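Coordinates as given in work.pdb (PDB, C-alpha atoms, pLDDT in the B column):
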```
ATOM      1  CA  MET A  26     -25.397 -15.318   3.600  1.00 56.00           C
ATOM      2  CA  LYS A  27     -26.833 -13.298   0.731  1.00 81.00           C
ATOM      3  CA  LEU A  28     -24.751 -11.055  -1.508  1.00 88.00           C
ATOM      4  CA  GLU A  29     -27.413  -8.366  -1.058  1.00 93.00           C
ATOM      5  CA  ASN A  30     -25.998  -7.918   2.444  1.00 93.00           C
ATOM      6  CA  VAL A  31     -22.591  -7.108   0.962  1.00 94.00           C
ATOM      7  CA  GLU A  32     -24.159  -4.597  -1.416  1.00 96.00           C
ATOM      8  CA  LYS A  33     -26.002  -2.941   1.434  1.00 95.00           C
ATOM      9  CA  SER A  34     -22.833  -2.700   3.501  1.00 95.00           C
ATOM     10  CA  ILE A  35     -20.605  -1.298   0.728  1.00 97.00           C
ATOM     11  CA  GLY A  36     -23.314   1.055  -0.506  1.00 96.00           C
ATOM     12  CA  TYR A  37     -23.369  -0.170  -4.091  1.00 97.00           C
ATOM     13  CA  THR A  38     -25.879  -2.392  -5.898  1.00 97.00           C
ATOM     14  CA  PHE A  39     -24.492  -4.408  -8.792  1.00 97.00           C
ATOM     15  CA  LYS A  40     -26.261  -4.628 -12.119  1.00 97.00           C
ATOM     16  CA  ASN A  41     -24.203  -7.762 -12.810  1.00 97.00           C
ATOM     17  CA  LYS A  42     -24.294  -9.843  -9.620  1.00 95.00           C
ATOM     18  CA  GLU A  43     -21.821 -12.340 -11.097  1.00 95.00           C
ATOM     19  CA  LEU A  44     -19.105  -9.668 -10.958  1.00 97.00           C
ATOM     20  CA  LEU A  45     -19.489  -9.347  -7.198  1.00 97.00           C
ATOM     21  CA  LYS A  46     -19.468 -13.121  -6.835  1.00 96.00           C
ATOM     22  CA  LYS A  47     -16.261 -13.338  -8.888  1.00 97.00           C
ATOM     23  CA  ALA A  48     -14.664 -10.623  -6.764  1.00 97.00           C
ATOM     24  CA  LEU A  49     -15.233 -12.783  -3.690  1.00 97.00           C
ATOM     25  CA  THR A  50     -14.057 -16.033  -5.321  1.00 96.00           C
ATOM     26  CA  HIS A  51     -10.682 -17.183  -4.027  1.00 95.00           C
ATOM     27  CA  THR A  52      -8.364 -19.259  -6.251  1.00 95.00           C
ATOM     28  CA  SER A  53      -8.910 -22.337  -4.062  1.00 94.00           C
ATOM     29  CA  TYR A  54     -12.677 -22.312  -4.743  1.00 94.00           C
ATOM     30  CA  ALA A  55     -12.200 -21.418  -8.412  1.00 96.00           C
ATOM     31  CA  TYR A  56      -9.845 -24.385  -8.888  1.00 95.00           C
ATOM     32  CA  GLU A  57     -12.230 -26.857  -7.231  1.00 95.00           C
ATOM     33  CA  ASN A  58     -15.237 -25.612  -9.223  1.00 95.00           C
ATOM     34  CA  ASN A  59     -13.588 -24.836 -12.572  1.00 95.00           C
ATOM     35  CA  LEU A  60     -14.384 -21.094 -12.306  1.00 95.00           C
ATOM     36  CA  GLU A  61     -12.448 -17.880 -12.752  1.00 96.00           C
ATOM     37  CA  SER A  62     -11.001 -16.516  -9.500  1.00 96.00           C
ATOM     38  CA  ASN A  63     -10.748 -12.904  -8.357  1.00 97.00           C
ATOM     39  CA  GLU A  64      -7.037 -12.623  -9.238  1.00 96.00           C
ATOM     40  CA  LYS A  65      -7.470 -10.543 -12.404  1.00 97.00           C
ATOM     41  CA  LEU A  66      -9.966  -8.249 -10.695  1.00 98.00           C
ATOM     42  CA  GLU A  67      -7.520  -7.874  -7.827  1.00 96.00           C
ATOM     43  CA  PHE A  68      -4.791  -6.828 -10.295  1.00 96.00           C
ATOM     44  CA  LEU A  69      -7.050  -4.139 -11.774  1.00 98.00           C
ATOM     45  CA  GLY A  70      -8.337  -3.014  -8.376  1.00 97.00           C
ATOM     46  CA  ASP A  71      -4.793  -2.469  -7.111  1.00 95.00           C
ATOM     47  CA  SER A  72      -4.132   0.032  -9.939  1.00 96.00           C
ATOM     48  CA  ILE A  73      -7.455   1.821  -9.417  1.00 97.00           C
ATOM     49  CA  LEU A  74      -6.754   2.108  -5.690  1.00 97.00           C
ATOM     50  CA  GLU A  75      -3.303   3.630  -6.321  1.00 95.00           C
ATOM     51  CA  PHE A  76      -4.724   6.114  -8.837  1.00 97.00           C
ATOM     52  CA  ILE A  77      -7.729   7.222  -6.781  1.00 97.00           C
ATOM     53  CA  SER A  78      -5.741   7.594  -3.550  1.00 97.00           C
ATOM     54  CA  SER A  79      -3.053   9.588  -5.433  1.00 96.00           C
ATOM     55  CA  LYS A  80      -5.695  11.835  -7.001  1.00 97.00           C
ATOM     56  CA  TYR A  81      -7.370  12.396  -3.616  1.00 97.00           C
ATOM     57  CA  LEU A  82      -4.055  13.301  -1.949  1.00 96.00           C
ATOM     58  CA  TYR A  83      -3.164  15.696  -4.773  1.00 96.00           C
ATOM     59  CA  LYS A  84      -6.537  17.437  -4.609  1.00 96.00           C
ATOM     60  CA  GLU A  85      -7.276  17.448  -0.874  1.00 96.00           C
ATOM     61  CA  TYR A  86      -3.760  17.912   0.561  1.00 95.00           C
ATOM     62  CA  PRO A  87      -2.068  20.515  -1.716  1.00 94.00           C
ATOM     63  CA  LYS A  88       0.573  21.352   0.900  1.00 91.00           C
ATOM     64  CA  LEU A  89       2.061  17.852   0.894  1.00 92.00           C
ATOM     65  CA  ARG A  90       5.298  17.423  -1.030  1.00 90.00           C
ATOM     66  CA  GLU A  91       5.710  14.592  -3.550  1.00 90.00           C
ATOM     67  CA  GLY A  92       7.749  12.471  -1.148  1.00 87.00           C
ATOM     68  CA  GLU A  93       5.194  12.989   1.616  1.00 89.00           C
ATOM     69  CA  MET A  94       2.344  12.002  -0.708  1.00 93.00           C
ATOM     70  CA  THR A  95       4.235   8.812  -1.543  1.00 90.00           C
ATOM     71  CA  LYS A  96       4.686   8.058   2.155  1.00 86.00           C
ATOM     72  CA  VAL A  97       1.011   8.649   2.969  1.00 91.00           C
ATOM     73  CA  ARG A  98      -0.150   6.495   0.063  1.00 92.00           C
ATOM     74  CA  ALA A  99       2.193   3.680   1.096  1.00 87.00           C
ATOM     75  CA  THR A 100       0.864   3.880   4.665  1.00 85.00           C
ATOM     76  CA  VAL A 101      -2.764   3.735   3.562  1.00 89.00           C
ATOM     77  CA  VAL A 102      -2.716   1.497   0.480  1.00 90.00           C
ATOM     78  CA  CYS A 103      -1.488  -1.610   2.269  1.00 86.00           C
ATOM     79  CA  GLU A 104      -2.708  -4.977   3.478  1.00 86.00           C
ATOM     80  CA  LYS A 105      -3.434  -3.696   6.991  1.00 86.00           C
ATOM     81  CA  SER A 106      -5.822  -0.936   5.793  1.00 91.00           C
ATOM     82  CA  LEU A 107      -7.554  -3.161   3.236  1.00 95.00           C
ATOM     83  CA  TYR A 108      -7.975  -5.895   5.847  1.00 93.00           C
ATOM     84  CA  LYS A 109      -9.757  -3.369   8.095  1.00 94.00           C
ATOM     85  CA  ILE A 110     -12.134  -2.483   5.229  1.00 96.00           C
ATOM     86  CA  ALA A 111     -12.868  -6.175   4.618  1.00 96.00           C
ATOM     87  CA  LYS A 112     -13.613  -6.709   8.322  1.00 95.00           C
ATOM     88  CA  LEU A 113     -15.815  -3.590   8.412  1.00 95.00           C
ATOM     89  CA  HIS A 114     -17.995  -4.988   5.619  1.00 96.00           C
ATOM     90  CA  ASN A 115     -17.857  -8.612   6.860  1.00 94.00           C
ATOM     91  CA  PHE A 116     -16.299  -9.936   3.642  1.00 95.00           C
ATOM     92  CA  SER A 117     -15.157 -12.982   5.623  1.00 93.00           C
ATOM     93  CA  ASP A 118     -18.781 -14.190   5.700  1.00 93.00           C
ATOM     94  CA  PHE A 119     -19.130 -14.021   1.920  1.00 94.00           C
ATOM     95  CA  LEU A 120     -15.845 -15.353   0.525  1.00 94.00           C
ATOM     96  CA  TYR A 121     -16.003 -18.396  -1.738  1.00 95.00           C
ATOM     97  CA  LEU A 122     -13.167 -20.594  -0.479  1.00 94.00           C
ATOM     98  CA  GLY A 123     -11.987 -24.092  -1.328  1.00 93.00           C
ATOM     99  CA  ARG A 124     -12.386 -26.848   1.254  1.00 93.00           C
ATOM    100  CA  SER A 125      -8.779 -26.694   2.478  1.00 88.00           C
ATOM    101  CA  GLU A 126      -8.920 -22.907   2.913  1.00 89.00           C
ATOM    102  CA  GLN A 127     -12.223 -23.192   4.779  1.00 87.00           C
ATOM    103  CA  LYS A 128     -10.727 -25.718   7.191  1.00 88.00           C
ATOM    104  CA  SER A 129      -7.633 -23.599   7.827  1.00 88.00           C
ATOM    105  CA  GLY A 130      -9.671 -20.443   8.500  1.00 87.00           C
ATOM    106  CA  GLY A 131      -8.786 -18.756   5.217  1.00 83.00           C
ATOM    107  CA  ASN A 132     -11.698 -16.361   5.555  1.00 87.00           C
ATOM    108  CA  GLN A 133      -9.823 -14.631   8.392  1.00 90.00           C
ATOM    109  CA  ARG A 134      -6.441 -14.406   6.656  1.00 89.00           C
ATOM    110  CA  PRO A 135      -5.448 -10.738   6.174  1.00 90.00           C
ATOM    111  CA  ALA A 136      -3.906 -11.346   2.732  1.00 90.00           C
ATOM    112  CA  ILE A 137      -7.026 -13.075   1.354  1.00 93.00           C
ATOM    113  CA  LEU A 138      -9.340 -10.409   2.782  1.00 95.00           C
ATOM    114  CA  ALA A 139      -7.168  -7.531   1.542  1.00 93.00           C
ATOM    115  CA  ASP A 140      -7.087  -9.061  -1.958  1.00 95.00           C
ATOM    116  CA  SER A 141     -10.873  -9.355  -1.953  1.00 97.00           C
ATOM    117  CA  VAL A 142     -11.219  -5.612  -1.300  1.00 97.00           C
ATOM    118  CA  GLU A 143      -9.073  -4.810  -4.350  1.00 97.00           C
ATOM    119  CA  ALA A 144     -11.167  -7.226  -6.417  1.00 98.00           C
ATOM    120  CA  VAL A 145     -14.425  -5.613  -5.231  1.00 98.00           C
ATOM    121  CA  ILE A 146     -13.055  -2.174  -6.167  1.00 98.00           C
ATOM    122  CA  ALA A 147     -12.399  -3.424  -9.723  1.00 98.00           C
ATOM    123  CA  ALA A 148     -15.841  -5.071  -9.872  1.00 98.00           C
ATOM    124  CA  ILE A 149     -17.526  -1.796  -8.871  1.00 98.00           C
ATOM    125  CA  TYR A 150     -15.492   0.027 -11.529  1.00 98.00           C
ATOM    126  CA  ILE A 151     -16.454  -2.432 -14.294  1.00 98.00           C
ATOM    127  CA  ASP A 152     -20.105  -2.497 -13.233  1.00 98.00           C
ATOM    128  CA  GLY A 153     -20.684   1.162 -12.405  1.00 97.00           C
ATOM    129  CA  GLY A 154     -17.732   3.262 -13.561  1.00 97.00           C
ATOM    130  CA  ILE A 155     -14.840   5.103 -11.952  1.00 98.00           C
ATOM    131  CA  GLU A 156     -16.985   7.507  -9.877  1.00 98.00           C
ATOM    132  CA  LYS A 157     -18.684   4.660  -8.013  1.00 98.00           C
ATOM    133  CA  ALA A 158     -15.338   2.963  -7.381  1.00 98.00           C
ATOM    134  CA  GLU A 159     -13.909   6.288  -6.201  1.00 98.00           C
ATOM    135  CA  LYS A 160     -16.789   6.789  -3.763  1.00 97.00           C
ATOM    136  CA  PHE A 161     -16.225   3.367  -2.208  1.00 98.00           C
ATOM    137  CA  ILE A 162     -12.464   3.941  -1.890  1.00 98.00           C
ATOM    138  CA  ILE A 163     -12.678   7.434  -0.412  1.00 97.00           C
ATOM    139  CA  ASP A 164     -15.577   6.592   1.925  1.00 96.00           C
ATOM    140  CA  ASN A 165     -13.468   3.792   3.368  1.00 97.00           C
ATOM    141  CA  LEU A 166     -10.008   5.383   3.349  1.00 96.00           C
ATOM    142  CA  LYS A 167     -10.435   9.128   3.934  1.00 95.00           C
ATOM    143  CA  ASP A 168     -10.077   8.797   7.722  1.00 93.00           C
ATOM    144  CA  GLU A 169      -6.963   6.617   7.338  1.00 92.00           C
ATOM    145  CA  ILE A 170      -5.509   9.145   4.884  1.00 94.00           C
ATOM    146  CA  LYS A 171      -6.241  12.054   7.243  1.00 92.00           C
ATOM    147  CA  GLU A 172      -4.517  10.227  10.099  1.00 89.00           C
ATOM    148  CA  ALA A 173      -1.511   9.326   7.940  1.00 88.00           C
ATOM    149  CA  THR A 174      -1.010  12.940   6.827  1.00 90.00           C
ATOM    150  CA  LYS A 175      -0.692  14.004  10.481  1.00 82.00           C
ATOM    151  CA  HIS A 176       2.301  11.723  10.924  1.00 74.00           C
ATOM    152  CA  VAL A 177       3.904  11.995   7.495  1.00 76.00           C
ATOM    153  CA  GLY A 178       6.940  13.858   8.810  1.00 66.00           C
ATOM    154  CA  ASP A 179       7.518  11.609  11.795  1.00 56.00           C
ATOM    155  CA  LYS A 180      10.077   9.311  10.171  1.00 62.00           C
ATOM    156  CA  ASP A 181      13.032  10.445   8.115  1.00 75.00           C
ATOM    157  CA  TYR A 182      14.780   8.367   5.459  1.00 86.00           C
ATOM    158  CA  LYS A 183      17.485   7.137   7.858  1.00 89.00           C
ATOM    159  CA  THR A 184      14.855   5.826  10.273  1.00 87.00           C
ATOM    160  CA  VAL A 185      12.848   4.154   7.504  1.00 87.00           C
ATOM    161  CA  LEU A 186      16.011   2.562   6.063  1.00 91.00           C
ATOM    162  CA  GLN A 187      17.049   1.306   9.498  1.00 91.00           C
ATOM    163  CA  GLU A 188      13.640  -0.286  10.095  1.00 89.00           C
ATOM    164  CA  LYS A 189      13.693  -1.919   6.661  1.00 89.00           C
ATOM    165  CA  LEU A 190      17.217  -3.325   7.036  1.00 92.00           C
ATOM    166  CA  GLN A 191      16.618  -4.544  10.588  1.00 89.00           C
ATOM    167  CA  ALA A 192      13.258  -6.173   9.821  1.00 84.00           C
ATOM    168  CA  ASN A 193      14.858  -9.631   9.866  1.00 79.00           C
ATOM    169  CA  GLY A 194      17.379  -9.092  12.640  1.00 85.00           C
ATOM    170  CA  ASP A 195      20.239  -6.821  13.700  1.00 88.00           C
ATOM    171  CA  VAL A 196      22.580  -5.459  11.047  1.00 91.00           C
ATOM    172  CA  LYS A 197      25.443  -2.958  11.177  1.00 94.00           C
ATOM    173  CA  ILE A 198      24.529   0.296   9.404  1.00 95.00           C
ATOM    174  CA  GLU A 199      27.291   2.877   8.860  1.00 96.00           C
ATOM    175  CA  TYR A 200      27.322   6.377   7.347  1.00 96.00           C
ATOM    176  CA  GLU A 201      30.591   7.897   6.101  1.00 96.00           C
ATOM    177  CA  ILE A 202      31.496  11.261   4.590  1.00 96.00           C
ATOM    178  CA  LEU A 203      33.572  10.471   1.502  1.00 95.00           C
ATOM    179  CA  GLU A 204      34.374  13.949   0.237  1.00 94.00           C
ATOM    180  CA  GLU A 205      33.947  17.658   0.869  1.00 94.00           C
ATOM    181  CA  LYS A 206      33.834  19.845  -2.230  1.00 90.00           C
ATOM    182  CA  GLY A 207      33.765  23.603  -2.766  1.00 84.00           C
ATOM    183  CA  PRO A 208      34.667  26.664  -0.656  1.00 82.00           C
ATOM    184  CA  ASP A 209      33.754  26.938   3.027  1.00 79.00           C
ATOM    185  CA  HIS A 210      30.706  29.131   2.358  1.00 74.00           C
ATOM    186  CA  ASP A 211      29.317  26.735  -0.307  1.00 77.00           C
ATOM    187  CA  LYS A 212      30.409  23.210   0.616  1.00 85.00           C
ATOM    188  CA  ILE A 213      28.954  20.032  -0.856  1.00 91.00           C
ATOM    189  CA  PHE A 214      29.342  16.820   1.148  1.00 94.00           C
ATOM    190  CA  GLU A 215      29.259  13.329  -0.363  1.00 96.00           C
ATOM    191  CA  ALA A 216      28.248  10.459   1.922  1.00 96.00           C
ATOM    192  CA  GLN A 217      27.717   6.736   1.611  1.00 96.00           C
ATOM    193  CA  VAL A 218      25.702   4.260   3.656  1.00 96.00           C
ATOM    194  CA  LYS A 219      26.846   0.704   4.261  1.00 96.00           C
ATOM    195  CA  CYS A 220      25.077  -2.345   5.644  1.00 94.00           C
ATOM    196  CA  ASN A 221      27.331  -5.038   7.115  1.00 93.00           C
ATOM    197  CA  GLY A 222      30.221  -3.562   5.143  1.00 93.00           C
ATOM    198  CA  LYS A 223      28.408  -3.477   1.786  1.00 94.00           C
ATOM    199  CA  VAL A 224      27.882  -0.061   0.163  1.00 96.00           C
ATOM    200  CA  LEU A 225      24.158   0.502  -0.480  1.00 95.00           C
ATOM    201  CA  ALA A 226      24.146   4.018  -1.925  1.00 95.00           C
ATOM    202  CA  LYS A 227      25.769   7.454  -2.009  1.00 95.00           C
ATOM    203  CA  GLY A 228      24.236  10.890  -1.634  1.00 93.00           C
ATOM    204  CA  GLU A 229      25.174  14.565  -1.640  1.00 93.00           C
ATOM    205  CA  GLY A 230      24.035  17.512   0.455  1.00 89.00           C
ATOM    206  CA  ARG A 231      24.998  20.963   1.725  1.00 85.00           C
ATOM    207  CA  SER A 232      25.526  19.542   5.197  1.00 87.00           C
ATOM    208  CA  LYS A 233      26.784  16.201   6.498  1.00 90.00           C
ATOM    209  CA  LYS A 234      23.295  15.470   7.822  1.00 87.00           C
ATOM    210  CA  GLU A 235      21.672  16.176   4.441  1.00 87.00           C
ATOM    211  CA  ALA A 236      24.277  14.019   2.678  1.00 92.00           C
ATOM    212  CA  HIS A 237      23.511  11.136   5.065  1.00 93.00           C
ATOM    213  CA  MET A 238      19.796  11.603   4.439  1.00 90.00           C
ATOM    214  CA  GLN A 239      20.204  11.607   0.645  1.00 92.00           C
ATOM    215  CA  ALA A 240      22.306   8.422   0.829  1.00 95.00           C
ATOM    216  CA  ALA A 241      19.541   6.760   2.893  1.00 93.00           C
ATOM    217  CA  LYS A 242      16.894   7.948   0.410  1.00 91.00           C
ATOM    218  CA  LYS A 243      18.837   6.490  -2.538  1.00 93.00           C
ATOM    219  CA  ALA A 244      19.359   3.222  -0.632  1.00 94.00           C
ATOM    220  CA  LEU A 245      15.599   2.953  -0.059  1.00 91.00           C
ATOM    221  CA  GLU A 246      14.950   3.541  -3.761  1.00 90.00           C
ATOM    222  CA  ASN A 247      17.503   0.845  -4.663  1.00 89.00           C
ATOM    223  CA  LEU A 248      15.883  -1.635  -2.257  1.00 85.00           C
ATOM    224  CA  LYS A 249      12.423  -1.349  -3.889  1.00 69.00           C
TER     225      LYS A 249
END
```
Here is a file; write its structure as structure tokens.
Amino acid sequence: MKLENVEKSIGYTFKNKELLKKALTHTSYAYENNLESNEKLEFLGDSILEFISSKYLYKEYPKLREGEMTKVRATVVCEKSLYKIAKLHNFSDFLYLGRSEQKSGGNQRPAILADSVEAVIAAIYIDGGIEKAEKFIIDNLKDEIKEATKHVGDKDYKTVLQEKLQANGDVKIEYEILEEKGPDHDKIFEAQVKCNGKVLAKGEGRSKKEAHMQAAKKALENLK
């Protein structure tokens, strides 16, 4: 398969073809052939992707709050979305893989394909500048971003925390009101959230529900 086919698909022609080749070179192939892999490009591409998607959300979706923007970006800038981009442009046909990875079907592994997309983003940036990299990112993610913004309010912090804590099996999650402060017309509630008896975080709010939510939010921040 010729790299020109990749260029045609992604809509960018490289001045330095070696950059594109490096972006598609997995560590297994690099090790066997004494070459540089796409790992450093992937590192750079990850940062560019975060920046460009953040900039796009800020500019195109001014009504989103900061927390909602964070949620949308996390939904879109992930292995699943990048894997879809790699499949769309048939990156699996062009990856340089070591013999063991070829035998085990490495060219279909979501993690390897997602990493290659980040590396290609960095390669486009180095070869053609930030505007070209931005075009590739937005062309491929704008529909995903639009979809994610529709559902940004679907899950609250308690739901997200529950899903995160129960990812590896059932756990006991408890919310408790620790204290009520202030007069009846201006009360502040303090709550804590526990997982299997261990305190994860505390939060305050003007209602018990808000206090629970703030405790869940803090717990999520602590779990990062």
For atom CA of A:Glu64 and atom CA of A:Leu122, the interatomic separation in Å (one decimal): 13.3 Å
Closest atom pairs, stretch 151-228 of chain A residues within 12 Å of stretch 26-48 of chain A, all atoms listed in the file, as a Markdown table:
```
| residue | atom | partner | partner_atom | distance |
| --- | --- | --- | --- | --- |
| A:Ile151 | CA | A:Leu44 | CA | 8.4 |
| A:Asp152 | CA | A:Phe39 | CA | 6.5 |
| A:Gly153 | CA | A:Phe39 | CA | 7.7 |
| A:Gly154 | CA | A:Phe39 | CA | 11.3 |
| A:Glu156 | CA | A:Tyr37 | CA | 11.5 |
| A:Lys157 | CA | A:Tyr37 | CA | 7.8 |
| A:Ala158 | CA | A:Tyr37 | CA | 9.2 |
| A:Glu159 | CA | A:Tyr37 | CA | 11.6 |
| A:Lys160 | CA | A:Gly36 | CA | 9.3 |
| A:Phe161 | CA | A:Ile35 | CA | 7.0 |
| A:Ile162 | CA | A:Ile35 | CA | 10.0 |
| A:Ile163 | CA | A:Ile35 | CA | 11.8 |
| A:Asp164 | CA | A:Ile35 | CA | 9.4 |
| A:Asn165 | CA | A:Ile35 | CA | 9.2 |
```
Taking the file as I've supplied it (selection: the PyMOL selection byres ((chain A and resi 167) around 12)), which residues are included? Please answer as a compact mmCIF listing (two decimals) with C-alpha atoms, keeping the file's coordinate frame.
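Writing the result to expr-v7.txt gives the following:
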```txt
# COMPACT_ATOMS: atom_id res chain seq x y z
CA ILE A 77 -7.73 7.22 -6.78
CA SER A 78 -5.74 7.59 -3.55
CA SER A 79 -3.05 9.59 -5.43
CA TYR A 81 -7.37 12.40 -3.62
CA LEU A 82 -4.06 13.30 -1.95
CA GLU A 85 -7.28 17.45 -0.87
CA TYR A 86 -3.76 17.91 0.56
CA VAL A 97 1.01 8.65 2.97
CA ARG A 98 -0.15 6.50 0.06
CA VAL A 101 -2.76 3.74 3.56
CA VAL A 102 -2.72 1.50 0.48
CA SER A 106 -5.82 -0.94 5.79
CA ILE A 110 -12.13 -2.48 5.23
CA GLU A 159 -13.91 6.29 -6.20
CA LYS A 160 -16.79 6.79 -3.76
CA PHE A 161 -16.23 3.37 -2.21
CA ILE A 162 -12.46 3.94 -1.89
CA ILE A 163 -12.68 7.43 -0.41
CA ASP A 164 -15.58 6.59 1.92
CA ASN A 165 -13.47 3.79 3.37
CA LEU A 166 -10.01 5.38 3.35
CA ASP A 168 -10.08 8.80 7.72
CA GLU A 169 -6.96 6.62 7.34
CA ILE A 170 -5.51 9.14 4.88
CA LYS A 171 -6.24 12.05 7.24
CA GLU A 172 -4.52 10.23 10.10
CA ALA A 173 -1.51 9.33 7.94
CA THR A 174 -1.01 12.94 6.83
```
Surrounding residues of A:Ile198 excluding itself and chain neighbours under 2 positions, 12 Å, all atoms listed in the file, as a JSON list (two decimals) with C-alpha atoms, keeping the file's coordinate frame:
```
[["chain", "number", "residue", "atom", "x", "y", "z"],
["A", 183, "LYS", "CA", 17.48, 7.14, 7.86],
["A", 184, "THR", "CA", 14.86, 5.83, 10.27],
["A", 186, "LEU", "CA", 16.01, 2.56, 6.06],
["A", 187, "GLN", "CA", 17.05, 1.31, 9.50],
["A", 188, "GLU", "CA", 13.64, -0.29, 10.10],
["A", 189, "LYS", "CA", 13.69, -1.92, 6.66],
["A", 190, "LEU", "CA", 17.22, -3.32, 7.04],
["A", 191, "GLN", "CA", 16.62, -4.54, 10.59],
["A", 195, "ASP", "CA", 20.24, -6.82, 13.70],
["A", 196, "VAL", "CA", 22.58, -5.46, 11.05],
["A", 200, "TYR", "CA", 27.32, 6.38, 7.35],
["A", 201, "GLU", "CA", 30.59, 7.90, 6.10],
["A", 217, "GLN", "CA", 27.72, 6.74, 1.61],
["A", 218, "VAL", "CA", 25.70, 4.26, 3.66],
["A", 219, "LYS", "CA", 26.85, 0.70, 4.26],
["A", 220, "CYS", "CA", 25.08, -2.35, 5.64],
["A", 221, "ASN", "CA", 27.33, -5.04, 7.12],
["A", 222, "GLY", "CA", 30.22, -3.56, 5.14],
["A", 223, "LYS", "CA", 28.41, -3.48, 1.79],
["A", 224, "VAL", "CA", 27.88, -0.06, 0.16],
["A", 225, "LEU", "CA", 24.16, 0.50, -0.48],
["A", 226, "ALA", "CA", 24.15, 4.02, -1.92],
["A", 237, "HIS", "CA", 23.51, 11.14, 5.07],
["A", 241, "ALA", "CA", 19.54, 6.76, 2.89],
["A", 244, "ALA", "CA", 19.36, 3.22, -0.63]]
```
For atom CA of A:Lys128 and atom CA of A:Cys103, the interatomic separation in Å (one decimal):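 Going from atom CA of A:Lys128 over to atom CA of A:Cys103 covers 26.3 Å.
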Point-to-point distance in Å for atom CA of A:Glu126 and atom CA of A:Ala139: 15.5 Å
Selection: 12 Å around A:Asp211, all atoms listed in the file, excl. self and same-chain fewer than 6 positions, as number ranges by chain: A: 205, 230-232
Return as a PDB file with C-alpha atoms, in the frame of the given file the set of residues that the PyMOL selection byres ((chain A and resi 112-116) around 8) yields on the displayed structure.
```pdb
ATOM      1  CA  VAL A  31     -22.591  -7.108   0.962  1.00 94.00           C
ATOM      2  CA  SER A  34     -22.833  -2.700   3.501  1.00 95.00           C
ATOM      3  CA  ILE A  35     -20.605  -1.298   0.728  1.00 97.00           C
ATOM      4  CA  LEU A  49     -15.233 -12.783  -3.690  1.00 97.00           C
ATOM      5  CA  TYR A 108      -7.975  -5.895   5.847  1.00 93.00           C
ATOM      6  CA  LYS A 109      -9.757  -3.369   8.095  1.00 94.00           C
ATOM      7  CA  ILE A 110     -12.134  -2.483   5.229  1.00 96.00           C
ATOM      8  CA  ALA A 111     -12.868  -6.175   4.618  1.00 96.00           C
ATOM      9  CA  SER A 117     -15.157 -12.982   5.623  1.00 93.00           C
ATOM     10  CA  ASP A 118     -18.781 -14.190   5.700  1.00 93.00           C
ATOM     11  CA  PHE A 119     -19.130 -14.021   1.920  1.00 94.00           C
ATOM     12  CA  LEU A 120     -15.845 -15.353   0.525  1.00 94.00           C
ATOM     13  CA  LEU A 138      -9.340 -10.409   2.782  1.00 95.00           C
ATOM     14  CA  SER A 141     -10.873  -9.355  -1.953  1.00 97.00           C
TER      15      SER A 141
END
```
Ground truth for the PyMOL selection byres ((chain A and resi 96) around 10), written as a list in words: Arg90, Glu91, Gly92, Glu93, Met94, Thr95, Val97, Arg98, Ala99, Thr100, Val101, Ala173, Thr174, His176, Val177, Gly178 and Lys180 of chain A
Nearest candidate to A:Ile146 (options A:Glu75, A:Glu229, A:Glu61, A:Glu235; using all atoms listed in the file):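 Of all the options, A:Glu75 lies closest to A:Ile146.
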I want to know what sits within 6 Å of stretch 69-74 of chain A, based on all atoms listed in the file, with residues of the same chain fewer than 5 positions away left out; could you give that as a tab-separated table (two decimals) with C-alpha atoms, keeping the file's coordinate frame?
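Output (part_32.tsv):
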```tsv
chain	number	residue	atom	x	y	z
A	143	GLU	CA	-9.07	-4.81	-4.35
A	144	ALA	CA	-11.17	-7.23	-6.42
A	146	ILE	CA	-13.06	-2.17	-6.17
A	147	ALA	CA	-12.40	-3.42	-9.72
```
